[in-house]
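One structure below.
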Amino acid sequence: MKHNSLQDILTQRFAAAVATVAGLPPDQVDPQIRPAGDPKFGDYQCNVAMSLARTLKSKPRDVAQRIKDAVESRLADIAEPLEIAGPGFLNIRLKDELLAQYLGEIPAPLSEPRARATGASEPGAPATRASEPRAQATGSVAPGGTAQERGHTGAAWPLTDRVGLSPVEQPQRVVVEYSQPNIAKQMHVGHLRSTIIGDVLARVLAFEGHEVVRQNHIGDWGTQFGLVILGLWHICMARDRGEPDYLQKMLPRLANKRDPENRTAAFDEVKSQHDRDYDRDDTGAPDGKGKLVFLPFLERIHQNKSVSLDEIELSYRYVTQLQDISKDREGDPYHGLPQRVTSWLQLGDAQEMLAWKYCRAITLDYCSHTYAHLGVLLSPQDIHGESFYSLGDDKDPKDRLREVLQELREKFGATAGLPREGTRVRAAVRDDEGAVVVYLYNDQGEPLFKDRDGKKLGMIVQKSDEAYLYATTDLAAIRFRLRELPFPSGVGAQRVIYVTDARQKLHFEMFFACARAAGWITDAVRVDHVTFGSVLGGDHRPLKTREGGTVKLRELLDEAERRAFELLQQRAAAAEERRDEEDGTARPSLTADTAVAPAEQREIARRVGIAAVKYADLRNDRNSDYVFDWDKMLALTGNTAPYMMYAYARIRSIYRKAAERIGSPDVYAAGVTLALAHPAERALALRLARLRETIDVVAADLTPHVLCTYLYDLAADFMRFYESCPVLDAPDDASRLSRMRLCDLAARTLRLGLGLLGIEVIERM
RNA sequence: GCGCCCGUAGCUCAGCAGGAUAGAGCACCGGAUUUCUAAUCCGGCGGUCGCAGGUUCGAAUCCUGCCGGGCGCGCCA
């Protein structure tokens, strides 16, 4: 198993030599080994001579010569003689034998039969069902551990082949928080990037050998739930009256601000209907016995799930409009109603609780479906939403938000003073216009954050109405993750990664500072806010529907699949046409080769469509905005998912042909060696050998696009190899086996790399 | 006003532990197929790296200022 990248190996060998020349201990020199800027300069280069020349007060080329003399004996087995070039570069060309040996050490995939290891079709992640939410919120790491079962060993995603790469020697316990959808709303494009990027980071870190626990910090608690529950009540009463379409019918009138008279008329109709319904529902009798309509309705729908998320969303908009109109009416007839409902919920009223649970369950069902569709590994066990920090779970019901407030008051209160020992951040908690606010200072006592008037900016942790905010929840969450969250090897994360859009940067800086000041984030803990830019439409404005609404994630994924399917159909038709022109005999084509069944066509389209969406998102640096463009992401050429999937399918096609013509030789047999005589073979081999250093960079910098670039280069290297080096018709048996081995390594590497990106390969296109 | 991100070829983007002549893809022009999927490959065209200073043997990369775009700056998340 490979611990070291080629770059590591060279760095180690050069370090000793450079140390000798520089007169420093080897661990204090960086020999500046970098991939060569241009293939004609070799494979790697050592750039240290120029900077070293300054401190040694001698000429760069002389220093290069001394390094060369000192290192050459240590390099004899792996590199060709070094060349000094330009101002003092040392160009390194690895020996072909070294590349052959390095790749030769990659064992055949052991854990499964060969045919599968090189990429047999595997179904997507099994659809997960969100079951009873509160129960699911319990113990995110079950006995055996979710990290163990999924990310850590990769049981639930097809990652049984490590392509010779060993896990890190010192695994860390890592939380990756991503996706973060809201209850009672469909996921939309706004959730796409966090979900996709977070999933890749979780996969890559798990692959590196870390214990990864995913956390889905869903928005399932807070003031908006009064509105959601009211919406459900309206649905209930409309159905009870035998007018199931009442909300759909009234909403356009309520929402049409251009016709204020009609709008207020509609409002009055709804309001008087509301009052009659209310009397019918709640007779005021004690013990809930007076609740005649809504409560039984809630119990029923829990059984048959007969209210859809679409309806809940619609009812939410409906109630929002009612609030909006009510504000401008005399006496504000709905004044405070949602707040009252919210407070009933927060006091644990059975009816409100039941309504909330229903909305939550329906949303989580929908999310699970979307995750499965997207091929994202989040499961119900990963959910610790806002409600968890208020309510705890069945095993351990407790209000962690209250605990956070208490602890902040104890540590930062007036008498506690500043600063806390062992932290560089000081904090003070104060009541400010009825809200509880934490102020943060550096060790000079200067405010860390300022508002637009230059005055110190506090972080509100409790509103004047006593409600908590996201800052409180985030504090409670990190405290929980660092102190309570179980991992296979122990309790508490050593690293926490947040994947959210860049606009939340200030918020994260503030709450990180606060958590440091409180002593929760210690120097032993690493926290990262992984930010990303926006998804833009063709107009370079944030992506919206033609009507200006948010783009629903489900609709987007369906469209991806539909477009991919059309594209594949067109291609198949074009291939057929070409075949006919050539008299139907000359060219083996897709159709001739496989006669792909409709079900497989659908599955191929699904994988290509989803892959295109994901890859388009991942291929650019996270922080830049990107333009969402169907044609570009589904293009069959260039740096796209289909191009790489095609490269993979081409390799698999060779294997099918090989099986027909020559059987299936064991390309990992002891006698098979890699021959890298042709430049295209060598280039492919070098690329394959760079997998380790690529993944190391991705894991260190949390940059999926680096992996994308690597895979694109790999696919392109393979294509060139494919064009110039016949595999099955190779000149002799040895080179055929060598080339088949290269093909197999390329397929495994593509499959692993795409797998880390959450993209499933296909056997044929 | 302050803070953060961004500005590289006509378009979309890499490159930014300072390194050689700044790279891809798309588009455009030209070429390659008796051969394992032409959904491919090869060649050509195309750039004052926003502007101006500075540090350095060397700057797209680091520093300062400016210009242009996006985002953020207490009771939303």
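Residue names in the structure tokens use chain letters A, B, ... in the order shown, residue numbers from 1 in each chain, and ligand numbers from 1 in the order shown.
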Worksheet item: Counting only C-alpha atoms (C1' of nucleotides), which residues of chain A come no farther than 8 Å from chain B, as JSON, numbers by chain?
Response: {"A": [47, 50, 86, 435, 450, 451, 452, 453, 454, 457, 458, 459, 460, 462, 463, 464, 470, 502, 503, 504, 505, 506, 571, 588, 589, 590, 620, 623, 624, 636, 637, 638, 639, 643, 646, 650, 653, 654, 657, 719, 720, 723, 726, 727, 728, 729]}
Could those selected residues go to a file with C-alpha atoms, as a compact mmCIF listing (two decimals), in the first residue's frame?
```txt
# COMPACT_ATOMS: atom_id res chain seq x y z
CA ASN A 47 13.57 24.71 -7.38
CA MET A 50 17.97 29.75 -6.58
CA GLY A 86 17.91 27.79 -16.74
CA ALA A 435 -31.61 40.59 23.95
CA LYS A 450 -17.55 46.18 14.31
CA ASP A 451 -20.76 47.37 12.75
CA ARG A 452 -21.15 49.89 9.98
CA ASP A 453 -20.73 52.78 12.35
CA GLY A 454 -17.46 51.39 13.62
CA LEU A 457 -20.66 44.36 17.04
CA GLY A 458 -22.11 41.73 19.31
CA MET A 459 -23.51 38.33 18.55
CA ILE A 460 -27.09 37.92 19.67
CA GLN A 462 -31.14 35.18 22.61
CA LYS A 463 -33.72 37.53 21.18
CA SER A 464 -35.68 40.02 23.24
CA TYR A 470 -28.87 30.30 14.69
CA ALA A 502 -19.70 32.37 1.62
CA ARG A 503 -22.26 34.90 2.83
CA GLN A 504 -22.23 33.30 6.25
CA LYS A 505 -18.55 33.98 6.75
CA LEU A 506 -18.97 36.70 9.35
CA ARG A 571 -26.20 9.64 -30.20
CA PRO A 588 -19.25 -2.10 -34.46
CA SER A 589 -21.38 0.54 -32.81
CA LEU A 590 -23.14 1.01 -29.58
CA ASN A 620 -14.48 24.98 -10.51
CA ASN A 623 -15.32 30.11 -4.04
CA SER A 624 -16.12 31.40 -7.47
CA LEU A 636 -19.44 15.09 -24.55
CA THR A 637 -16.15 16.85 -25.06
CA GLY A 638 -13.98 18.83 -22.74
CA ASN A 639 -13.79 18.76 -18.98
CA TYR A 643 -16.17 12.68 -21.23
CA TYR A 646 -16.92 7.69 -21.81
CA ARG A 650 -14.17 2.58 -23.53
CA SER A 653 -15.44 -2.22 -23.83
CA ILE A 654 -11.89 -3.42 -24.36
CA LYS A 657 -13.80 -7.56 -26.51
CA MET A 719 -7.66 8.73 -24.75
CA ARG A 720 -4.26 9.51 -26.25
CA GLU A 723 -5.47 6.26 -30.00
CA PRO A 726 -3.58 -0.85 -29.63
CA VAL A 727 -4.32 -3.06 -26.67
CA LEU A 728 -5.78 -6.25 -28.01
CA ASP A 729 -3.78 -6.00 -31.19
```
Practice prompt. Using DSSP on the backbone, list every residue of segment 346-494 of chain A that comes out as helix (DSSP H, G or I), and give them as a ChimeraX atom specification.
Written response: /A:346,350-374,380-382,386-391,400-412,470-483
Looking only at strand (DSSP E or B) from DSSP on the backbone, list the matching residues of segment 381-609 of chain A as a short mmCIF file (atom, residue, chain, number, x, y, z; two decimals) with all heavy atoms, in the first residue's frame.
```cif
data_model
loop_
_atom_site.label_atom_id
_atom_site.label_comp_id
_atom_site.auth_asym_id
_atom_site.auth_seq_id
_atom_site.Cartn_x
_atom_site.Cartn_y
_atom_site.Cartn_z
N ILE A 383 -28.90 13.29 10.96
CA ILE A 383 -29.66 14.50 11.27
C ILE A 383 -29.57 14.84 12.75
O ILE A 383 -29.97 14.05 13.62
CB ILE A 383 -31.14 14.32 10.87
CG1 ILE A 383 -31.24 14.26 9.34
CG2 ILE A 383 -31.98 15.47 11.42
CD1 ILE A 383 -32.61 13.90 8.85
N ARG A 426 -11.41 37.14 24.21
CA ARG A 426 -12.19 37.44 25.40
C ARG A 426 -13.64 37.69 24.99
O ARG A 426 -13.92 38.05 23.86
CB ARG A 426 -11.68 38.70 26.07
CG ARG A 426 -10.18 38.71 26.31
CD ARG A 426 -9.83 40.02 26.95
NE ARG A 426 -8.40 40.22 27.00
CZ ARG A 426 -7.85 41.27 27.59
NH1 ARG A 426 -8.61 42.19 28.14
NH2 ARG A 426 -6.55 41.41 27.62
N ALA A 427 -14.49 37.53 25.93
CA ALA A 427 -15.90 37.75 25.61
C ALA A 427 -16.62 38.30 26.82
O ALA A 427 -16.19 38.11 27.96
CB ALA A 427 -16.55 36.46 25.15
N ALA A 428 -17.70 39.01 26.54
CA ALA A 428 -18.55 39.48 27.62
C ALA A 428 -19.98 39.32 27.17
O ALA A 428 -20.30 39.53 26.00
CB ALA A 428 -18.25 40.95 27.93
N VAL A 429 -20.82 38.92 28.08
CA VAL A 429 -22.22 38.77 27.73
C VAL A 429 -23.00 39.89 28.40
O VAL A 429 -22.73 40.26 29.54
CB VAL A 429 -22.74 37.37 28.12
CG1 VAL A 429 -22.61 37.13 29.61
CG2 VAL A 429 -24.18 37.17 27.70
N ARG A 430 -23.92 40.50 27.63
CA ARG A 430 -24.65 41.63 28.14
C ARG A 430 -26.09 41.57 27.69
O ARG A 430 -26.39 41.01 26.64
CB ARG A 430 -24.03 42.93 27.61
CG ARG A 430 -23.14 43.59 28.61
CD ARG A 430 -22.78 45.02 28.27
NE ARG A 430 -23.54 45.68 27.26
CZ ARG A 430 -23.02 46.61 26.46
NH1 ARG A 430 -21.75 46.91 26.55
NH2 ARG A 430 -23.77 47.23 25.57
N ASP A 431 -26.95 42.17 28.46
CA ASP A 431 -28.32 42.33 27.98
C ASP A 431 -28.40 43.66 27.25
O ASP A 431 -27.91 44.68 27.73
CB ASP A 431 -29.30 42.32 29.16
CG ASP A 431 -29.39 40.92 29.77
OD1 ASP A 431 -28.86 39.98 29.14
OD2 ASP A 431 -29.98 40.78 30.85
N ASP A 432 -28.98 43.60 26.08
CA ASP A 432 -28.98 44.76 25.21
C ASP A 432 -30.37 44.89 24.61
O ASP A 432 -30.78 44.06 23.80
CB ASP A 432 -27.94 44.54 24.11
CG ASP A 432 -27.25 45.83 23.74
OD1 ASP A 432 -27.78 46.89 24.10
OD2 ASP A 432 -26.20 45.77 23.09
N ALA A 435 -32.24 41.77 24.53
CA ALA A 435 -31.61 40.59 23.95
C ALA A 435 -30.33 40.27 24.70
O ALA A 435 -29.73 41.14 25.33
CB ALA A 435 -31.30 40.85 22.47
N VAL A 436 -29.92 39.01 24.62
CA VAL A 436 -28.67 38.61 25.25
C VAL A 436 -27.59 38.59 24.18
O VAL A 436 -27.73 37.93 23.15
CB VAL A 436 -28.79 37.21 25.91
CG1 VAL A 436 -27.47 36.84 26.58
CG2 VAL A 436 -29.94 37.20 26.90
N VAL A 437 -26.53 39.33 24.41
CA VAL A 437 -25.53 39.56 23.36
C VAL A 437 -24.14 39.21 23.89
O VAL A 437 -23.80 39.57 25.03
CB VAL A 437 -25.53 41.03 22.91
CG1 VAL A 437 -24.59 41.23 21.73
CG2 VAL A 437 -26.93 41.48 22.56
N VAL A 438 -23.37 38.52 23.07
CA VAL A 438 -21.98 38.24 23.43
C VAL A 438 -21.08 39.17 22.64
O VAL A 438 -21.19 39.27 21.42
CB VAL A 438 -21.60 36.77 23.11
CG1 VAL A 438 -20.12 36.53 23.42
CG2 VAL A 438 -22.47 35.81 23.88
N TYR A 439 -20.21 39.87 23.33
CA TYR A 439 -19.23 40.73 22.67
C TYR A 439 -17.86 40.06 22.73
O TYR A 439 -17.49 39.48 23.74
CB TYR A 439 -19.17 42.10 23.34
CG TYR A 439 -20.42 42.90 23.11
CD1 TYR A 439 -21.48 42.86 24.02
CD2 TYR A 439 -20.56 43.66 21.95
CE1 TYR A 439 -22.64 43.57 23.80
CE2 TYR A 439 -21.73 44.38 21.72
CZ TYR A 439 -22.75 44.33 22.65
OH TYR A 439 -23.90 45.04 22.41
N LEU A 440 -17.14 40.15 21.62
CA LEU A 440 -15.87 39.44 21.51
C LEU A 440 -14.73 40.43 21.32
O LEU A 440 -14.85 41.41 20.57
CB LEU A 440 -15.93 38.46 20.33
CG LEU A 440 -17.01 37.39 20.56
CD1 LEU A 440 -17.60 36.91 19.26
CD2 LEU A 440 -16.46 36.24 21.38
N TYR A 441 -13.63 40.17 22.03
CA TYR A 441 -12.48 41.08 22.01
C TYR A 441 -11.20 40.28 21.80
O TYR A 441 -11.12 39.10 22.16
CB TYR A 441 -12.36 41.82 23.35
CG TYR A 441 -13.61 42.52 23.78
CD1 TYR A 441 -14.57 41.85 24.54
CD2 TYR A 441 -13.84 43.85 23.44
CE1 TYR A 441 -15.74 42.49 24.94
CE2 TYR A 441 -15.00 44.50 23.84
CZ TYR A 441 -15.95 43.82 24.59
OH TYR A 441 -17.09 44.44 24.97
N PRO A 447 -12.45 45.34 20.30
CA PRO A 447 -13.54 44.51 19.73
C PRO A 447 -13.09 43.80 18.46
O PRO A 447 -12.42 44.40 17.63
CB PRO A 447 -14.65 45.52 19.42
CG PRO A 447 -14.21 46.83 19.91
CD PRO A 447 -12.79 46.76 20.36
N LYS A 450 -16.97 44.85 14.23
CA LYS A 450 -17.55 46.18 14.31
C LYS A 450 -18.71 46.30 13.33
O LYS A 450 -18.73 45.63 12.29
CB LYS A 450 -16.49 47.24 13.97
CG LYS A 450 -15.39 47.31 15.01
CD LYS A 450 -14.34 48.32 14.64
CE LYS A 450 -13.27 48.37 15.73
NZ LYS A 450 -12.14 49.23 15.36
N LYS A 456 -18.58 48.47 18.29
CA LYS A 456 -18.41 47.03 18.46
C LYS A 456 -19.71 46.29 18.14
O LYS A 456 -20.80 46.77 18.43
CB LYS A 456 -17.94 46.70 19.88
CG LYS A 456 -18.96 47.03 20.97
CD LYS A 456 -18.38 46.73 22.35
CE LYS A 456 -19.38 47.14 23.42
NZ LYS A 456 -18.82 46.97 24.77
N MET A 459 -22.80 39.46 19.14
CA MET A 459 -23.51 38.33 18.55
C MET A 459 -24.70 38.01 19.45
O MET A 459 -24.53 37.69 20.63
CB MET A 459 -22.58 37.12 18.46
CG MET A 459 -23.24 35.93 17.82
SD MET A 459 -22.08 34.58 17.49
CE MET A 459 -21.71 34.07 19.15
N ILE A 460 -25.89 38.15 18.88
CA ILE A 460 -27.09 37.92 19.67
C ILE A 460 -27.31 36.43 19.85
O ILE A 460 -27.31 35.67 18.88
CB ILE A 460 -28.31 38.55 18.98
CG1 ILE A 460 -28.11 40.06 18.90
CG2 ILE A 460 -29.59 38.23 19.73
CD1 ILE A 460 -29.23 40.80 18.22
N VAL A 461 -27.42 35.99 21.08
CA VAL A 461 -27.64 34.57 21.33
C VAL A 461 -29.04 34.30 21.87
O VAL A 461 -29.47 33.16 21.96
CB VAL A 461 -26.59 33.98 22.30
CG1 VAL A 461 -25.22 33.92 21.61
CG2 VAL A 461 -26.51 34.77 23.59
N GLN A 462 -29.74 35.35 22.25
CA GLN A 462 -31.14 35.18 22.61
C GLN A 462 -31.87 36.48 22.31
O GLN A 462 -31.43 37.57 22.69
CB GLN A 462 -31.30 34.82 24.10
CG GLN A 462 -32.75 34.47 24.45
CD GLN A 462 -32.88 33.93 25.87
OE1 GLN A 462 -32.10 34.26 26.75
NE2 GLN A 462 -33.88 33.08 26.07
N TYR A 468 -34.33 31.72 20.66
CA TYR A 468 -32.92 31.55 20.33
C TYR A 468 -32.72 31.73 18.84
O TYR A 468 -33.66 31.67 18.05
CB TYR A 468 -32.44 30.15 20.74
CG TYR A 468 -32.56 29.91 22.22
CD1 TYR A 468 -33.46 28.96 22.70
CD2 TYR A 468 -31.77 30.61 23.11
CE1 TYR A 468 -33.58 28.72 24.06
CE2 TYR A 468 -31.88 30.37 24.47
CZ TYR A 468 -32.78 29.43 24.95
OH TYR A 468 -32.88 29.20 26.28
N PRO A 486 -20.47 10.70 19.58
CA PRO A 486 -19.65 9.49 19.60
C PRO A 486 -19.06 9.13 18.23
O PRO A 486 -19.73 9.26 17.22
CB PRO A 486 -20.61 8.41 20.08
CG PRO A 486 -21.96 8.91 19.75
CD PRO A 486 -21.91 10.40 19.65
N PHE A 487 -17.82 8.70 18.26
CA PHE A 487 -17.13 8.16 17.08
C PHE A 487 -16.66 6.76 17.44
O PHE A 487 -16.61 6.42 18.63
CB PHE A 487 -15.91 9.01 16.75
CG PHE A 487 -16.21 10.35 16.16
CD1 PHE A 487 -16.66 11.39 16.97
CD2 PHE A 487 -16.03 10.59 14.80
CE1 PHE A 487 -16.93 12.63 16.42
CE2 PHE A 487 -16.30 11.84 14.27
CZ PHE A 487 -16.74 12.86 15.07
N GLY A 490 -13.88 7.03 20.00
CA GLY A 490 -14.02 7.84 21.21
C GLY A 490 -15.06 8.93 21.01
O GLY A 490 -15.68 9.03 19.95
N VAL A 491 -15.21 9.74 22.03
CA VAL A 491 -16.23 10.78 21.98
C VAL A 491 -15.61 12.12 21.61
O VAL A 491 -14.54 12.47 22.11
CB VAL A 491 -16.95 10.89 23.34
CG1 VAL A 491 -17.85 12.11 23.38
CG2 VAL A 491 -17.75 9.62 23.61
N ARG A 495 -11.96 17.61 14.57
CA ARG A 495 -12.03 18.58 13.47
C ARG A 495 -13.49 18.70 13.06
O ARG A 495 -14.20 17.69 13.00
CB ARG A 495 -11.20 18.08 12.30
CG ARG A 495 -11.13 19.05 11.15
CD ARG A 495 -10.19 18.54 10.06
NE ARG A 495 -10.06 19.55 9.04
CZ ARG A 495 -9.45 19.34 7.88
NH1 ARG A 495 -8.91 18.17 7.60
NH2 ARG A 495 -9.38 20.32 6.99
N VAL A 496 -13.92 19.93 12.82
CA VAL A 496 -15.29 20.16 12.38
C VAL A 496 -15.26 21.02 11.12
O VAL A 496 -14.64 22.08 11.11
CB VAL A 496 -16.15 20.86 13.46
CG1 VAL A 496 -17.60 20.95 13.00
CG2 VAL A 496 -16.06 20.12 14.79
N ILE A 497 -15.90 20.51 10.08
CA ILE A 497 -15.92 21.21 8.80
C ILE A 497 -17.35 21.61 8.49
O ILE A 497 -18.26 20.79 8.55
CB ILE A 497 -15.36 20.29 7.69
CG1 ILE A 497 -13.89 19.99 7.96
CG2 ILE A 497 -15.55 20.92 6.32
CD1 ILE A 497 -13.32 18.89 7.09
N TYR A 498 -17.54 22.88 8.17
CA TYR A 498 -18.86 23.39 7.81
C TYR A 498 -18.87 23.76 6.35
O TYR A 498 -17.99 24.50 5.90
CB TYR A 498 -19.19 24.66 8.61
CG TYR A 498 -19.32 24.44 10.10
CD1 TYR A 498 -18.20 24.41 10.91
CD2 TYR A 498 -20.57 24.27 10.68
CE1 TYR A 498 -18.32 24.22 12.28
CE2 TYR A 498 -20.70 24.08 12.04
CZ TYR A 498 -19.57 24.05 12.84
OH TYR A 498 -19.70 23.86 14.19
N VAL A 499 -19.84 23.28 5.63
CA VAL A 499 -19.94 23.61 4.21
C VAL A 499 -21.19 24.48 4.02
O VAL A 499 -22.31 23.97 4.01
CB VAL A 499 -20.03 22.35 3.34
CG1 VAL A 499 -19.97 22.71 1.87
CG2 VAL A 499 -18.90 21.38 3.69
N ARG A 526 -9.48 21.57 15.19
CA ARG A 526 -9.44 22.40 13.98
C ARG A 526 -10.86 22.59 13.48
O ARG A 526 -11.63 21.64 13.40
CB ARG A 526 -8.59 21.69 12.93
CG ARG A 526 -8.54 22.44 11.62
CD ARG A 526 -7.52 21.84 10.68
NE ARG A 526 -7.66 22.45 9.36
CZ ARG A 526 -7.02 22.01 8.28
NH1 ARG A 526 -6.22 20.96 8.37
NH2 ARG A 526 -7.19 22.61 7.12
N VAL A 527 -11.21 23.82 13.17
CA VAL A 527 -12.52 24.07 12.55
C VAL A 527 -12.29 24.76 11.21
O VAL A 527 -11.39 25.58 11.07
CB VAL A 527 -13.43 24.96 13.44
CG1 VAL A 527 -13.84 24.22 14.69
CG2 VAL A 527 -12.77 26.28 13.78
N ASP A 528 -13.08 24.38 10.24
CA ASP A 528 -12.98 24.98 8.91
C ASP A 528 -14.36 25.41 8.45
O ASP A 528 -15.31 24.63 8.53
CB ASP A 528 -12.47 23.96 7.87
CG ASP A 528 -11.04 23.55 8.13
OD1 ASP A 528 -10.16 24.37 7.87
OD2 ASP A 528 -10.83 22.42 8.61
N HIS A 529 -14.44 26.63 7.97
CA HIS A 529 -15.64 27.04 7.27
C HIS A 529 -15.34 26.95 5.78
O HIS A 529 -14.58 27.75 5.25
CB HIS A 529 -16.04 28.47 7.66
CG HIS A 529 -17.29 28.93 6.99
ND1 HIS A 529 -17.53 30.24 6.67
CD2 HIS A 529 -18.38 28.23 6.59
CE1 HIS A 529 -18.73 30.33 6.09
NE2 HIS A 529 -19.26 29.14 6.03
N VAL A 530 -15.90 25.95 5.13
CA VAL A 530 -15.68 25.75 3.71
C VAL A 530 -16.77 26.50 2.95
O VAL A 530 -17.94 26.13 3.01
CB VAL A 530 -15.71 24.25 3.36
CG1 VAL A 530 -15.66 24.05 1.85
CG2 VAL A 530 -14.55 23.53 4.03
N VAL A 535 -24.72 29.79 -7.54
CA VAL A 535 -25.04 29.22 -8.83
C VAL A 535 -25.78 30.29 -9.62
O VAL A 535 -26.81 30.79 -9.18
CB VAL A 535 -25.95 27.98 -8.69
CG1 VAL A 535 -26.22 27.36 -10.06
CG2 VAL A 535 -25.32 26.97 -7.75
N LEU A 536 -25.22 30.66 -10.77
CA LEU A 536 -25.81 31.74 -11.56
C LEU A 536 -26.52 31.18 -12.79
O LEU A 536 -26.17 30.12 -13.30
CB LEU A 536 -24.72 32.71 -12.01
CG LEU A 536 -23.81 33.29 -10.93
CD1 LEU A 536 -22.77 34.22 -11.56
CD2 LEU A 536 -24.62 34.04 -9.88
N PRO A 542 -28.16 35.20 -9.81
CA PRO A 542 -28.48 33.93 -9.15
C PRO A 542 -29.61 33.17 -9.87
O PRO A 542 -30.60 33.77 -10.28
CB PRO A 542 -28.90 34.37 -7.76
CG PRO A 542 -28.09 35.61 -7.52
CD PRO A 542 -28.00 36.30 -8.87
N LYS A 552 -36.48 24.27 -7.96
CA LYS A 552 -36.59 23.09 -7.10
C LYS A 552 -35.55 22.05 -7.49
O LYS A 552 -35.37 21.75 -8.67
CB LYS A 552 -37.98 22.48 -7.21
CG LYS A 552 -39.11 23.45 -6.88
CD LYS A 552 -39.45 23.41 -5.41
CE LYS A 552 -40.75 24.12 -5.12
NZ LYS A 552 -40.60 25.61 -5.14
#
```
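Residues surrounding segment 191-204 of chain A within 6 Å are Tyr178, Ser179, His188, Val189, Ala206, Phe207, Val499, Thr500, Leu756 and Leu757 of chain A [only C-alpha atoms (C1' of nucleotides); sequence separation below 2 positions excluded].
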Could you take the residues named above and write them with all heavy atoms, as a CSV table (one decimal), in the first residue's frame?
```csv
chain,number,residue,atom,x,y,z
A,178,TYR,N,-23.1,19.5,6.3
A,178,TYR,CA,-23.5,20.0,5.0
A,178,TYR,C,-25.0,19.7,4.7
A,178,TYR,O,-25.6,19.1,5.5
A,178,TYR,CB,-22.6,19.4,3.9
A,178,TYR,CG,-22.6,17.9,3.7
A,178,TYR,CD1,-23.3,17.3,2.6
A,178,TYR,CD2,-22.0,17.0,4.6
A,178,TYR,CE1,-23.3,16.0,2.4
A,178,TYR,CE2,-22.0,15.7,4.3
A,178,TYR,CZ,-22.6,15.1,3.2
A,178,TYR,OH,-22.6,13.8,3.0
A,179,SER,N,-25.4,20.3,3.6
A,179,SER,CA,-26.8,20.2,3.1
A,179,SER,C,-27.8,21.1,3.8
A,179,SER,O,-28.3,22.1,3.2
A,179,SER,CB,-27.3,18.8,3.1
A,179,SER,OG,-28.4,18.7,2.3
A,188,HIS,N,-33.9,23.3,-2.8
A,188,HIS,CA,-33.8,24.0,-4.1
A,188,HIS,C,-32.3,24.2,-4.4
A,188,HIS,O,-31.5,23.7,-3.7
A,188,HIS,CB,-34.5,25.3,-4.0
A,188,HIS,CG,-34.1,26.2,-2.9
A,188,HIS,ND1,-33.0,27.0,-2.9
A,188,HIS,CD2,-34.6,26.3,-1.6
A,188,HIS,CE1,-32.8,27.6,-1.8
A,188,HIS,NE2,-33.8,27.2,-0.9
A,189,VAL,N,-32.0,24.8,-5.5
A,189,VAL,CA,-30.6,24.9,-6.0
A,189,VAL,C,-29.7,25.5,-4.9
A,189,VAL,O,-28.6,25.2,-4.9
A,189,VAL,CB,-30.4,25.8,-7.2
A,189,VAL,CG1,-30.8,25.0,-8.5
A,189,VAL,CG2,-31.2,27.0,-7.2
A,206,ALA,N,-12.9,10.4,4.5
A,206,ALA,CA,-13.2,9.0,4.9
A,206,ALA,C,-12.2,8.1,4.2
A,206,ALA,O,-11.6,7.2,4.8
A,206,ALA,CB,-14.6,8.6,4.7
A,207,PHE,N,-12.0,8.4,2.9
A,207,PHE,CA,-11.1,7.5,2.1
A,207,PHE,C,-9.6,7.7,2.7
A,207,PHE,O,-8.9,6.7,2.7
A,207,PHE,CB,-11.1,7.9,0.7
A,207,PHE,CG,-10.1,7.2,-0.2
A,207,PHE,CD1,-10.4,5.8,-0.5
A,207,PHE,CD2,-8.9,7.7,-0.6
A,207,PHE,CE1,-9.5,5.1,-1.3
A,207,PHE,CE2,-8.0,7.0,-1.3
A,207,PHE,CZ,-8.3,5.7,-1.7
A,499,VAL,N,-19.8,23.3,5.6
A,499,VAL,CA,-19.9,23.6,4.2
A,499,VAL,C,-21.2,24.5,4.0
A,499,VAL,O,-22.3,24.0,4.0
A,499,VAL,CB,-20.0,22.3,3.3
A,499,VAL,CG1,-20.0,22.7,1.9
A,499,VAL,CG2,-18.9,21.4,3.7
A,500,THR,N,-21.0,25.8,3.9
A,500,THR,CA,-22.1,26.7,3.7
A,500,THR,C,-21.6,27.8,2.7
A,500,THR,O,-20.4,27.9,2.5
A,500,THR,CB,-22.6,27.4,5.0
A,500,THR,OG1,-21.8,28.6,5.2
A,500,THR,CG2,-22.5,26.5,6.2
A,756,LEU,N,-15.1,9.2,-5.4
A,756,LEU,CA,-14.9,10.2,-4.4
A,756,LEU,C,-15.6,11.4,-4.7
A,756,LEU,O,-16.0,12.2,-3.8
A,756,LEU,CB,-13.4,10.5,-4.3
A,756,LEU,CG,-12.5,9.3,-3.7
A,756,LEU,CD1,-11.0,9.7,-3.8
A,756,LEU,CD2,-12.9,9.0,-2.3
A,757,LEU,N,-15.9,11.7,-6.0
A,757,LEU,CA,-16.7,12.8,-6.3
A,757,LEU,C,-18.2,12.5,-6.2
A,757,LEU,O,-19.1,13.3,-6.6
A,757,LEU,CB,-16.4,13.3,-7.7
A,757,LEU,CG,-15.0,13.8,-8.0
A,757,LEU,CD1,-14.8,14.2,-9.5
A,757,LEU,CD2,-14.7,15.0,-7.1
```
